[in-house]
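K.L.:
Input: one structure, supplied below.
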Amino acid sequence: MATTGTIIIADDHPLFRDALRQALTGLDQAREVEMAGDYDHVQALIERGEEIDLVLLDLNMPGAKGLAGLLRLRSEYPQVPVAVISATEDAATIRRVLELGASGFIPKSAAMPEIRQAISTVLDGSVWTPANVAADAEEDSEFFELAERLRTLTPQQSKVLGMLGEGLLNKQIAYELGVSEATVKAHVSAVLLKLGVDSRTQAVIALSRLGFAPGETREGAGAI
């Protein structure tokens, strides 16, 4: 059987990654499968330049807490389809995942045949959600307004916002991105303007609505 593109399984639980790999063996077309236990590894796999058919993204793994990881993937690699697969299965989360541009939401509690069918549906270009779940959530106009604003960020601005959420200072962000502090300050100003907030602290509070707690992914980061 000919191999097409690559599927990345992004989850920090090895047993679940192995179970998902097994589910993928039943797909109609064979694909390369890569495993990643944190966001940095996902990023490295995407930047190798191979054709990525799909990223199966857990909502809670190192470097991708809550919806912040999905936001980063959709802003930095908009051409790469992402389906969230998570144990957090409430209707509000599902709606938010779709609002941020995911191609589907797959509950970890689903049986493997259902997971396989969900993945096939997304690979065929359709959106998949559990039956009768997403429609039950109440509208969250505040979150959807935030999502609209977040989608206006450039990939570099999204990176800067994420690093603000990690508690990094301007000089630390500049070092990470290989740019000057003046450039970082310009990005921060643009982020604040697009989010409609007045301070870095308010930007981080907005980011926390995505389930991203300030300073939780980098030990020893400076205060905001």
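A note on labels: chains of the structure tokens are A, B, ... as shown, every chain counts residues from 1, and ligands are counted from 1 in their shown order.
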Which residues are near Thr129 (chain A)? Cut-off 7 Å, only C-alpha atoms, ignore same chain within fewer than 4 positions. Put them as a list in words.
P.N.:
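My reading of the contact set: Gly104, Phe105 and Ile106 of chain A.
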K.L.:
May I have the selected residues written with N, CA and C atoms, as a CSV table (one decimal), in the first residue's frame?
P.N.:
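To be explicit, this is the file written out as result_35.csv:
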```
chain,number,residue,atom,x,y,z
A,104,GLY,N,-11.7,19.0,14.1
A,104,GLY,CA,-12.6,18.0,14.8
A,104,GLY,C,-12.2,17.9,16.2
A,105,PHE,N,-13.1,17.3,17.0
A,105,PHE,CA,-12.9,17.0,18.4
A,105,PHE,C,-13.2,15.5,18.6
A,106,ILE,N,-12.2,14.8,19.1
A,106,ILE,CA,-12.4,13.4,19.3
A,106,ILE,C,-12.2,13.0,20.8
```
K.L.:
According to DSSP computed on the backbone, where in region 71-142 of chain A is there strand (DSSP E or B)? Give the residues as a list in words.
P.N.:
Val82, Ala83, Val84, Ile85, Ser86, Gly104, Phe105, Ile106, Pro107 and Trp128 of chain A
K.L.:
Excluding same-chain residues fewer than 2 positions from region 110-119 of chain A, what lies within 8 Å of it counting only C-alpha atoms, as a list in words?
P.N.:
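Residues near the query, excluding close chain neighbours: Ala23, Leu24, Gly26, Leu27, Gly104, Ile106, Pro107, Lys108, Thr121, Val122, Leu123, Trp128 and Thr129 of chain A.
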K.L.:
Which of these residues is nearest to Lys159 (chain A), using only C-alpha atoms: A:Val80, A:Ala147, A:Val184, A:Leu45?
P.N.:
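That would be A:Val184, the residue with the smallest distance to Lys159 (chain A).
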K.L.:
Between A:Met35, A:Val204, A:Ile173, A:Ala92, which has the minimum distance to His187 (chain A) (counting only C-alpha atoms)?
P.N.:
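Looking at the shortest contact to His187 (chain A), the residue is A:Ile173.
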K.L.:
Give me, please, the distance in Å between CA of Asp53 (chain A) and CA of Ser86 (chain A), quoted to one decimal.
P.N.:
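A separation of 19.3 Å between them.
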K.L.:
Using DSSP assignments from the backbone, pull out every residue in region 68-212 of chain A that falls under helix (DSSP H, G or I) and give it to me as a PDB file with N, CA and C atoms, in the first residue's frame.
P.N.:
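out_23.pdb, written as the output of this step:
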```pdb
ATOM      1  N   ALA A  68      -4.307  26.861  24.431  1.00  0.00           N
ATOM      2  CA  ALA A  68      -3.194  27.666  23.943  1.00  0.00           C
ATOM      3  C   ALA A  68      -2.375  26.913  22.887  1.00  0.00           C
ATOM      4  N   GLY A  69      -2.202  25.616  23.054  1.00  0.00           N
ATOM      5  CA  GLY A  69      -1.458  24.834  22.064  1.00  0.00           C
ATOM      6  C   GLY A  69      -2.157  24.821  20.719  1.00  0.00           C
ATOM      7  N   LEU A  70      -3.478  24.677  20.742  1.00  0.00           N
ATOM      8  CA  LEU A  70      -4.250  24.717  19.493  1.00  0.00           C
ATOM      9  C   LEU A  70      -4.117  26.080  18.832  1.00  0.00           C
ATOM     10  N   LEU A  71      -4.208  27.136  19.627  1.00  0.00           N
ATOM     11  CA  LEU A  71      -4.057  28.484  19.083  1.00  0.00           C
ATOM     12  C   LEU A  71      -2.704  28.638  18.411  1.00  0.00           C
ATOM     13  N   ARG A  72      -1.646  28.169  19.058  1.00  0.00           N
ATOM     14  CA  ARG A  72      -0.304  28.295  18.481  1.00  0.00           C
ATOM     15  C   ARG A  72      -0.196  27.542  17.160  1.00  0.00           C
ATOM     16  N   LEU A  73      -0.703  26.315  17.127  1.00  0.00           N
ATOM     17  CA  LEU A  73      -0.620  25.533  15.893  1.00  0.00           C
ATOM     18  C   LEU A  73      -1.385  26.202  14.761  1.00  0.00           C
ATOM     19  N   ARG A  74      -2.600  26.676  15.058  1.00  0.00           N
ATOM     20  CA  ARG A  74      -3.413  27.266  14.004  1.00  0.00           C
ATOM     21  C   ARG A  74      -2.824  28.588  13.506  1.00  0.00           C
ATOM     22  N   SER A  75      -2.144  29.330  14.387  1.00  0.00           N
ATOM     23  CA  SER A  75      -1.579  30.610  13.962  1.00  0.00           C
ATOM     24  C   SER A  75      -0.219  30.435  13.289  1.00  0.00           C
ATOM     25  N   GLU A  76       0.594  29.494  13.795  1.00  0.00           N
ATOM     26  CA  GLU A  76       1.939  29.319  13.254  1.00  0.00           C
ATOM     27  C   GLU A  76       1.950  28.429  12.011  1.00  0.00           C
ATOM     28  N   ALA A  91     -19.327  20.077  26.350  1.00  0.00           N
ATOM     29  CA  ALA A  91     -19.783  20.715  25.115  1.00  0.00           C
ATOM     30  C   ALA A  91     -19.148  22.078  24.901  1.00  0.00           C
ATOM     31  N   ALA A  92     -18.934  22.842  25.978  1.00  0.00           N
ATOM     32  CA  ALA A  92     -18.339  24.171  25.835  1.00  0.00           C
ATOM     33  C   ALA A  92     -16.927  24.076  25.270  1.00  0.00           C
ATOM     34  N   THR A  93     -16.133  23.112  25.757  1.00  0.00           N
ATOM     35  CA  THR A  93     -14.772  22.938  25.250  1.00  0.00           C
ATOM     36  C   THR A  93     -14.796  22.568  23.778  1.00  0.00           C
ATOM     37  N   ILE A  94     -15.710  21.705  23.391  1.00  0.00           N
ATOM     38  CA  ILE A  94     -15.802  21.291  21.992  1.00  0.00           C
ATOM     39  C   ILE A  94     -16.103  22.491  21.098  1.00  0.00           C
ATOM     40  N   ARG A  95     -17.044  23.321  21.513  1.00  0.00           N
ATOM     41  CA  ARG A  95     -17.368  24.507  20.721  1.00  0.00           C
ATOM     42  C   ARG A  95     -16.164  25.429  20.615  1.00  0.00           C
ATOM     43  N   ARG A  96     -15.430  25.593  21.707  1.00  0.00           N
ATOM     44  CA  ARG A  96     -14.271  26.491  21.695  1.00  0.00           C
ATOM     45  C   ARG A  96     -13.173  25.946  20.788  1.00  0.00           C
ATOM     46  N   VAL A  97     -12.970  24.642  20.824  1.00  0.00           N
ATOM     47  CA  VAL A  97     -11.980  24.007  19.948  1.00  0.00           C
ATOM     48  C   VAL A  97     -12.309  24.284  18.484  1.00  0.00           C
ATOM     49  N   LEU A  98     -13.569  24.134  18.119  1.00  0.00           N
ATOM     50  CA  LEU A  98     -13.967  24.382  16.742  1.00  0.00           C
ATOM     51  C   LEU A  98     -13.854  25.854  16.391  1.00  0.00           C
ATOM     52  N   GLU A  99     -14.173  26.728  17.342  1.00  0.00           N
ATOM     53  CA  GLU A  99     -14.081  28.169  17.106  1.00  0.00           C
ATOM     54  C   GLU A  99     -12.649  28.589  16.816  1.00  0.00           C
ATOM     55  N   MET A 112     -12.223   2.619  19.830  1.00  0.00           N
ATOM     56  CA  MET A 112     -11.251   2.750  18.743  1.00  0.00           C
ATOM     57  C   MET A 112     -11.889   2.793  17.359  1.00  0.00           C
ATOM     58  N   PRO A 113     -12.944   1.996  17.074  1.00  0.00           N
ATOM     59  CA  PRO A 113     -13.571   2.126  15.749  1.00  0.00           C
ATOM     60  C   PRO A 113     -14.122   3.536  15.504  1.00  0.00           C
ATOM     61  N   GLU A 114     -14.675   4.170  16.546  1.00  0.00           N
ATOM     62  CA  GLU A 114     -15.190   5.528  16.400  1.00  0.00           C
ATOM     63  C   GLU A 114     -14.045   6.517  16.196  1.00  0.00           C
ATOM     64  N   ILE A 115     -12.952   6.338  16.932  1.00  0.00           N
ATOM     65  CA  ILE A 115     -11.788   7.202  16.756  1.00  0.00           C
ATOM     66  C   ILE A 115     -11.246   7.066  15.341  1.00  0.00           C
ATOM     67  N   ARG A 116     -11.184   5.840  14.842  1.00  0.00           N
ATOM     68  CA  ARG A 116     -10.690   5.613  13.480  1.00  0.00           C
ATOM     69  C   ARG A 116     -11.601   6.302  12.462  1.00  0.00           C
ATOM     70  N   GLN A 117     -12.919   6.195  12.675  1.00  0.00           N
ATOM     71  CA  GLN A 117     -13.860   6.839  11.766  1.00  0.00           C
ATOM     72  C   GLN A 117     -13.729   8.352  11.828  1.00  0.00           C
ATOM     73  N   ALA A 118     -13.534   8.892  13.033  1.00  0.00           N
ATOM     74  CA  ALA A 118     -13.376  10.337  13.183  1.00  0.00           C
ATOM     75  C   ALA A 118     -12.141  10.827  12.435  1.00  0.00           C
ATOM     76  N   ILE A 119     -11.031  10.114  12.589  1.00  0.00           N
ATOM     77  CA  ILE A 119      -9.792  10.498  11.909  1.00  0.00           C
ATOM     78  C   ILE A 119      -9.967  10.432  10.396  1.00  0.00           C
ATOM     79  N   SER A 120     -10.628   9.389   9.913  1.00  0.00           N
ATOM     80  CA  SER A 120     -10.879   9.259   8.470  1.00  0.00           C
ATOM     81  C   SER A 120     -11.712  10.420   7.949  1.00  0.00           C
ATOM     82  N   THR A 121     -12.717  10.820   8.734  1.00  0.00           N
ATOM     83  CA  THR A 121     -13.578  11.936   8.331  1.00  0.00           C
ATOM     84  C   THR A 121     -12.772  13.219   8.194  1.00  0.00           C
ATOM     85  N   VAL A 122     -11.905  13.489   9.173  1.00  0.00           N
ATOM     86  CA  VAL A 122     -11.082  14.702   9.126  1.00  0.00           C
ATOM     87  C   VAL A 122     -10.094  14.640   7.964  1.00  0.00           C
ATOM     88  N   LEU A 123      -9.486  13.484   7.745  1.00  0.00           N
ATOM     89  CA  LEU A 123      -8.537  13.344   6.637  1.00  0.00           C
ATOM     90  C   LEU A 123      -9.217  13.554   5.285  1.00  0.00           C
ATOM     91  N   ALA A 134     -21.810  19.092  20.596  1.00  0.00           N
ATOM     92  CA  ALA A 134     -21.467  20.502  20.429  1.00  0.00           C
ATOM     93  C   ALA A 134     -22.707  21.388  20.409  1.00  0.00           C
ATOM     94  N   ALA A 135     -23.825  20.857  19.923  1.00  0.00           N
ATOM     95  CA  ALA A 135     -25.025  21.680  19.824  1.00  0.00           C
ATOM     96  C   ALA A 135     -25.623  21.999  21.179  1.00  0.00           C
ATOM     97  N   ASP A 136     -25.216  21.293  22.218  1.00  0.00           N
ATOM     98  CA  ASP A 136     -25.810  21.483  23.539  1.00  0.00           C
ATOM     99  C   ASP A 136     -25.180  22.614  24.341  1.00  0.00           C
ATOM    100  N   SER A 141     -20.306  34.351  24.110  1.00  0.00           N
ATOM    101  CA  SER A 141     -19.981  35.461  23.218  1.00  0.00           C
ATOM    102  C   SER A 141     -18.642  36.096  23.574  1.00  0.00           C
ATOM    103  N   GLU A 142     -18.307  36.147  24.865  1.00  0.00           N
ATOM    104  CA  GLU A 142     -17.044  36.749  25.274  1.00  0.00           C
ATOM    105  C   GLU A 142     -15.864  35.950  24.743  1.00  0.00           C
ATOM    106  N   PHE A 143     -15.957  34.624  24.848  1.00  0.00           N
ATOM    107  CA  PHE A 143     -14.863  33.794  24.335  1.00  0.00           C
ATOM    108  C   PHE A 143     -14.758  33.914  22.825  1.00  0.00           C
ATOM    109  N   PHE A 144     -15.892  33.900  22.128  1.00  0.00           N
ATOM    110  CA  PHE A 144     -15.854  33.952  20.675  1.00  0.00           C
ATOM    111  C   PHE A 144     -15.291  35.277  20.186  1.00  0.00           C
ATOM    112  N   GLU A 145     -15.568  36.371  20.914  1.00  0.00           N
ATOM    113  CA  GLU A 145     -14.972  37.663  20.569  1.00  0.00           C
ATOM    114  C   GLU A 145     -13.465  37.611  20.755  1.00  0.00           C
ATOM    115  N   LEU A 146     -13.021  36.970  21.856  1.00  0.00           N
ATOM    116  CA  LEU A 146     -11.587  36.809  22.083  1.00  0.00           C
ATOM    117  C   LEU A 146     -10.963  35.973  20.972  1.00  0.00           C
ATOM    118  N   ALA A 147     -11.630  34.900  20.584  1.00  0.00           N
ATOM    119  CA  ALA A 147     -11.102  34.048  19.517  1.00  0.00           C
ATOM    120  C   ALA A 147     -10.942  34.825  18.216  1.00  0.00           C
ATOM    121  N   GLU A 148     -11.914  35.680  17.899  1.00  0.00           N
ATOM    122  CA  GLU A 148     -11.817  36.503  16.693  1.00  0.00           C
ATOM    123  C   GLU A 148     -10.599  37.418  16.760  1.00  0.00           C
ATOM    124  N   ARG A 149     -10.357  37.997  17.927  1.00  0.00           N
ATOM    125  CA  ARG A 149      -9.208  38.888  18.082  1.00  0.00           C
ATOM    126  C   ARG A 149      -7.902  38.098  17.978  1.00  0.00           C
ATOM    127  N   LEU A 150      -7.861  36.920  18.581  1.00  0.00           N
ATOM    128  CA  LEU A 150      -6.653  36.108  18.531  1.00  0.00           C
ATOM    129  C   LEU A 150      -6.305  35.706  17.113  1.00  0.00           C
ATOM    130  N   PRO A 155       1.710  35.089  13.085  1.00  0.00           N
ATOM    131  CA  PRO A 155       2.406  33.988  13.773  1.00  0.00           C
ATOM    132  C   PRO A 155       3.425  34.488  14.800  1.00  0.00           C
ATOM    133  N   GLN A 156       4.182  35.535  14.460  1.00  0.00           N
ATOM    134  CA  GLN A 156       5.183  36.049  15.394  1.00  0.00           C
ATOM    135  C   GLN A 156       4.505  36.682  16.611  1.00  0.00           C
ATOM    136  N   GLN A 157       3.426  37.399  16.400  1.00  0.00           N
ATOM    137  CA  GLN A 157       2.695  38.001  17.512  1.00  0.00           C
ATOM    138  C   GLN A 157       2.102  36.927  18.416  1.00  0.00           C
ATOM    139  N   SER A 158       1.636  35.840  17.819  1.00  0.00           N
ATOM    140  CA  SER A 158       1.103  34.737  18.619  1.00  0.00           C
ATOM    141  C   SER A 158       2.191  34.116  19.485  1.00  0.00           C
ATOM    142  N   LYS A 159       3.396  33.977  18.918  1.00  0.00           N
ATOM    143  CA  LYS A 159       4.514  33.454  19.706  1.00  0.00           C
ATOM    144  C   LYS A 159       4.823  34.366  20.878  1.00  0.00           C
ATOM    145  N   VAL A 160       4.831  35.680  20.602  1.00  0.00           N
ATOM    146  CA  VAL A 160       5.124  36.638  21.669  1.00  0.00           C
ATOM    147  C   VAL A 160       4.071  36.561  22.763  1.00  0.00           C
ATOM    148  N   LEU A 161       2.803  36.469  22.384  1.00  0.00           N
ATOM    149  CA  LEU A 161       1.736  36.360  23.379  1.00  0.00           C
ATOM    150  C   LEU A 161       1.920  35.110  24.228  1.00  0.00           C
ATOM    151  N   GLY A 162       2.250  33.984  23.584  1.00  0.00           N
ATOM    152  CA  GLY A 162       2.474  32.760  24.344  1.00  0.00           C
ATOM    153  C   GLY A 162       3.622  32.896  25.330  1.00  0.00           C
ATOM    154  N   MET A 163       4.683  33.593  24.914  1.00  0.00           N
ATOM    155  CA  MET A 163       5.826  33.782  25.805  1.00  0.00           C
ATOM    156  C   MET A 163       5.492  34.743  26.939  1.00  0.00           C
ATOM    157  N   LEU A 164       4.619  35.721  26.677  1.00  0.00           N
ATOM    158  CA  LEU A 164       4.125  36.558  27.771  1.00  0.00           C
ATOM    159  C   LEU A 164       3.385  35.694  28.791  1.00  0.00           C
ATOM    160  N   GLY A 165       2.609  34.762  28.279  1.00  0.00           N
ATOM    161  CA  GLY A 165       1.880  33.865  29.164  1.00  0.00           C
ATOM    162  C   GLY A 165       2.789  32.962  29.976  1.00  0.00           C
ATOM    163  N   ASN A 170      10.865  40.885  28.145  1.00  0.00           N
ATOM    164  CA  ASN A 170      11.162  41.250  26.760  1.00  0.00           C
ATOM    165  C   ASN A 170      12.522  40.744  26.308  1.00  0.00           C
ATOM    166  N   LYS A 171      13.537  40.869  27.171  1.00  0.00           N
ATOM    167  CA  LYS A 171      14.879  40.443  26.767  1.00  0.00           C
ATOM    168  C   LYS A 171      14.942  38.927  26.572  1.00  0.00           C
ATOM    169  N   GLN A 172      14.162  38.189  27.370  1.00  0.00           N
ATOM    170  CA  GLN A 172      14.128  36.739  27.207  1.00  0.00           C
ATOM    171  C   GLN A 172      13.410  36.350  25.915  1.00  0.00           C
ATOM    172  N   ILE A 173      12.315  37.064  25.605  1.00  0.00           N
ATOM    173  CA  ILE A 173      11.596  36.809  24.354  1.00  0.00           C
ATOM    174  C   ILE A 173      12.486  37.133  23.162  1.00  0.00           C
ATOM    175  N   ALA A 174      13.211  38.246  23.262  1.00  0.00           N
ATOM    176  CA  ALA A 174      14.114  38.637  22.180  1.00  0.00           C
ATOM    177  C   ALA A 174      15.162  37.554  21.934  1.00  0.00           C
ATOM    178  N   TYR A 175      15.707  36.992  23.015  1.00  0.00           N
ATOM    179  CA  TYR A 175      16.712  35.929  22.888  1.00  0.00           C
ATOM    180  C   TYR A 175      16.099  34.691  22.219  1.00  0.00           C
ATOM    181  N   GLU A 176      14.908  34.316  22.664  1.00  0.00           N
ATOM    182  CA  GLU A 176      14.248  33.126  22.121  1.00  0.00           C
ATOM    183  C   GLU A 176      13.959  33.272  20.627  1.00  0.00           C
ATOM    184  N   LEU A 177      13.541  34.472  20.206  1.00  0.00           N
ATOM    185  CA  LEU A 177      13.143  34.687  18.820  1.00  0.00           C
ATOM    186  C   LEU A 177      14.279  35.163  17.939  1.00  0.00           C
ATOM    187  N   GLU A 181      15.178  43.718  21.355  1.00  0.00           N
ATOM    188  CA  GLU A 181      14.150  44.052  22.335  1.00  0.00           C
ATOM    189  C   GLU A 181      13.176  45.073  21.762  1.00  0.00           C
ATOM    190  N   ALA A 182      13.662  45.960  20.916  1.00  0.00           N
ATOM    191  CA  ALA A 182      12.783  46.952  20.299  1.00  0.00           C
ATOM    192  C   ALA A 182      11.722  46.267  19.433  1.00  0.00           C
ATOM    193  N   THR A 183      12.142  45.225  18.735  1.00  0.00           N
ATOM    194  CA  THR A 183      11.185  44.471  17.917  1.00  0.00           C
ATOM    195  C   THR A 183      10.145  43.790  18.795  1.00  0.00           C
ATOM    196  N   VAL A 184      10.592  43.225  19.914  1.00  0.00           N
ATOM    197  CA  VAL A 184       9.660  42.581  20.842  1.00  0.00           C
ATOM    198  C   VAL A 184       8.664  43.597  21.380  1.00  0.00           C
ATOM    199  N   LYS A 185       9.154  44.776  21.757  1.00  0.00           N
ATOM    200  CA  LYS A 185       8.261  45.818  22.268  1.00  0.00           C
ATOM    201  C   LYS A 185       7.208  46.187  21.233  1.00  0.00           C
ATOM    202  N   ALA A 186       7.616  46.236  19.962  1.00  0.00           N
ATOM    203  CA  ALA A 186       6.659  46.550  18.895  1.00  0.00           C
ATOM    204  C   ALA A 186       5.609  45.446  18.772  1.00  0.00           C
ATOM    205  N   HIS A 187       6.060  44.198  18.879  1.00  0.00           N
ATOM    206  CA  HIS A 187       5.113  43.078  18.823  1.00  0.00           C
ATOM    207  C   HIS A 187       4.146  43.133  20.000  1.00  0.00           C
ATOM    208  N   VAL A 188       4.662  43.405  21.203  1.00  0.00           N
ATOM    209  CA  VAL A 188       3.810  43.477  22.388  1.00  0.00           C
ATOM    210  C   VAL A 188       2.762  44.569  22.220  1.00  0.00           C
ATOM    211  N   SER A 189       3.180  45.726  21.721  1.00  0.00           N
ATOM    212  CA  SER A 189       2.241  46.827  21.506  1.00  0.00           C
ATOM    213  C   SER A 189       1.146  46.427  20.514  1.00  0.00           C
ATOM    214  N   ALA A 190       1.544  45.721  19.450  1.00  0.00           N
ATOM    215  CA  ALA A 190       0.568  45.275  18.454  1.00  0.00           C
ATOM    216  C   ALA A 190      -0.404  44.258  19.044  1.00  0.00           C
ATOM    217  N   VAL A 191       0.120  43.356  19.877  1.00  0.00           N
ATOM    218  CA  VAL A 191      -0.729  42.354  20.528  1.00  0.00           C
ATOM    219  C   VAL A 191      -1.764  43.028  21.426  1.00  0.00           C
ATOM    220  N   LEU A 192      -1.318  43.984  22.226  1.00  0.00           N
ATOM    221  CA  LEU A 192      -2.232  44.684  23.128  1.00  0.00           C
ATOM    222  C   LEU A 192      -3.327  45.393  22.339  1.00  0.00           C
ATOM    223  N   LEU A 193      -2.937  46.018  21.232  1.00  0.00           N
ATOM    224  CA  LEU A 193      -3.903  46.739  20.411  1.00  0.00           C
ATOM    225  C   LEU A 193      -4.937  45.778  19.818  1.00  0.00           C
ATOM    226  N   LYS A 194      -4.472  44.661  19.284  1.00  0.00           N
ATOM    227  CA  LYS A 194      -5.389  43.719  18.642  1.00  0.00           C
ATOM    228  C   LYS A 194      -6.312  43.034  19.645  1.00  0.00           C
ATOM    229  N   LEU A 195      -5.819  42.821  20.865  1.00  0.00           N
ATOM    230  CA  LEU A 195      -6.658  42.194  21.888  1.00  0.00           C
ATOM    231  C   LEU A 195      -7.555  43.202  22.593  1.00  0.00           C
ATOM    232  N   ARG A 200       0.298  44.197  29.591  1.00  0.00           N
ATOM    233  CA  ARG A 200       0.726  42.803  29.455  1.00  0.00           C
ATOM    234  C   ARG A 200      -0.088  41.904  30.369  1.00  0.00           C
ATOM    235  N   THR A 201      -0.351  42.365  31.585  1.00  0.00           N
ATOM    236  CA  THR A 201      -1.101  41.560  32.544  1.00  0.00           C
ATOM    237  C   THR A 201      -2.483  41.226  32.007  1.00  0.00           C
ATOM    238  N   GLN A 202      -3.167  42.242  31.413  1.00  0.00           N
ATOM    239  CA  GLN A 202      -4.493  41.991  30.859  1.00  0.00           C
ATOM    240  C   GLN A 202      -4.430  41.026  29.678  1.00  0.00           C
ATOM    241  N   ALA A 203      -3.348  41.091  28.897  1.00  0.00           N
ATOM    242  CA  ALA A 203      -3.188  40.157  27.783  1.00  0.00           C
ATOM    243  C   ALA A 203      -3.047  38.729  28.291  1.00  0.00           C
ATOM    244  N   VAL A 204      -2.292  38.563  29.371  1.00  0.00           N
ATOM    245  CA  VAL A 204      -2.107  37.230  29.939  1.00  0.00           C
ATOM    246  C   VAL A 204      -3.414  36.721  30.547  1.00  0.00           C
ATOM    247  N   ILE A 205      -4.181  37.608  31.152  1.00  0.00           N
ATOM    248  CA  ILE A 205      -5.485  37.210  31.683  1.00  0.00           C
ATOM    249  C   ILE A 205      -6.379  36.713  30.547  1.00  0.00           C
ATOM    250  N   ALA A 206      -6.349  37.420  29.415  1.00  0.00           N
ATOM    251  CA  ALA A 206      -7.119  36.973  28.253  1.00  0.00           C
ATOM    252  C   ALA A 206      -6.647  35.600  27.794  1.00  0.00           C
ATOM    253  N   LEU A 207      -5.322  35.421  27.768  1.00  0.00           N
ATOM    254  CA  LEU A 207      -4.761  34.140  27.353  1.00  0.00           C
ATOM    255  C   LEU A 207      -5.152  33.025  28.312  1.00  0.00           C
ATOM    256  N   SER A 208      -5.322  33.353  29.583  1.00  0.00           N
ATOM    257  CA  SER A 208      -5.674  32.327  30.566  1.00  0.00           C
ATOM    258  C   SER A 208      -7.050  31.736  30.293  1.00  0.00           C
TER     259      SER A 208
END
```
K.L.:
Determine, counting only C-alpha atoms, which protein, DNA and RNA residues have an atom within 7 Å of an atom of region 5-16 of chain A; residues of the same chain fewer than 4 positions away are not included. Present the result as a ChimeraX atom specification.
P.N.:
/A:20,31-38,42,51-58,61
K.L.:
Just the selected residues (C-alpha atoms), exported as a PDB file, in the first residue's frame, please.
P.N.:
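Heads up, here's the output in result.pdb:
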```pdb
ATOM      1  CA  LEU A  20      -3.814   5.758  18.560  1.00  0.00           C
ATOM      2  CA  ARG A  31       0.534   7.116   6.318  1.00  0.00           C
ATOM      3  CA  GLU A  32       3.721   7.745   8.224  1.00  0.00           C
ATOM      4  CA  VAL A  33       3.003   8.179  11.931  1.00  0.00           C
ATOM      5  CA  GLU A  34       5.187  10.322  14.171  1.00  0.00           C
ATOM      6  CA  MET A  35       4.889  10.561  17.953  1.00  0.00           C
ATOM      7  CA  ALA A  36       5.394  13.709  20.028  1.00  0.00           C
ATOM      8  CA  GLY A  37       5.192  14.076  23.802  1.00  0.00           C
ATOM      9  CA  ASP A  38       5.413  17.887  23.957  1.00  0.00           C
ATOM     10  CA  VAL A  42       5.428  18.722  17.389  1.00  0.00           C
ATOM     11  CA  GLU A  51       3.705  16.895   4.164  1.00  0.00           C
ATOM     12  CA  ILE A  52       1.618  16.777   7.348  1.00  0.00           C
ATOM     13  CA  ASP A  53      -1.873  15.403   6.773  1.00  0.00           C
ATOM     14  CA  LEU A  54      -3.050  15.822  10.366  1.00  0.00           C
ATOM     15  CA  VAL A  55      -1.967  16.594  13.918  1.00  0.00           C
ATOM     16  CA  LEU A  56      -3.882  14.752  16.640  1.00  0.00           C
ATOM     17  CA  LEU A  57      -3.446  17.147  19.545  1.00  0.00           C
ATOM     18  CA  ASP A  58      -4.045  16.498  23.238  1.00  0.00           C
ATOM     19  CA  MET A  61       0.710  18.244  27.424  1.00  0.00           C
TER      20      MET A  61
END
```
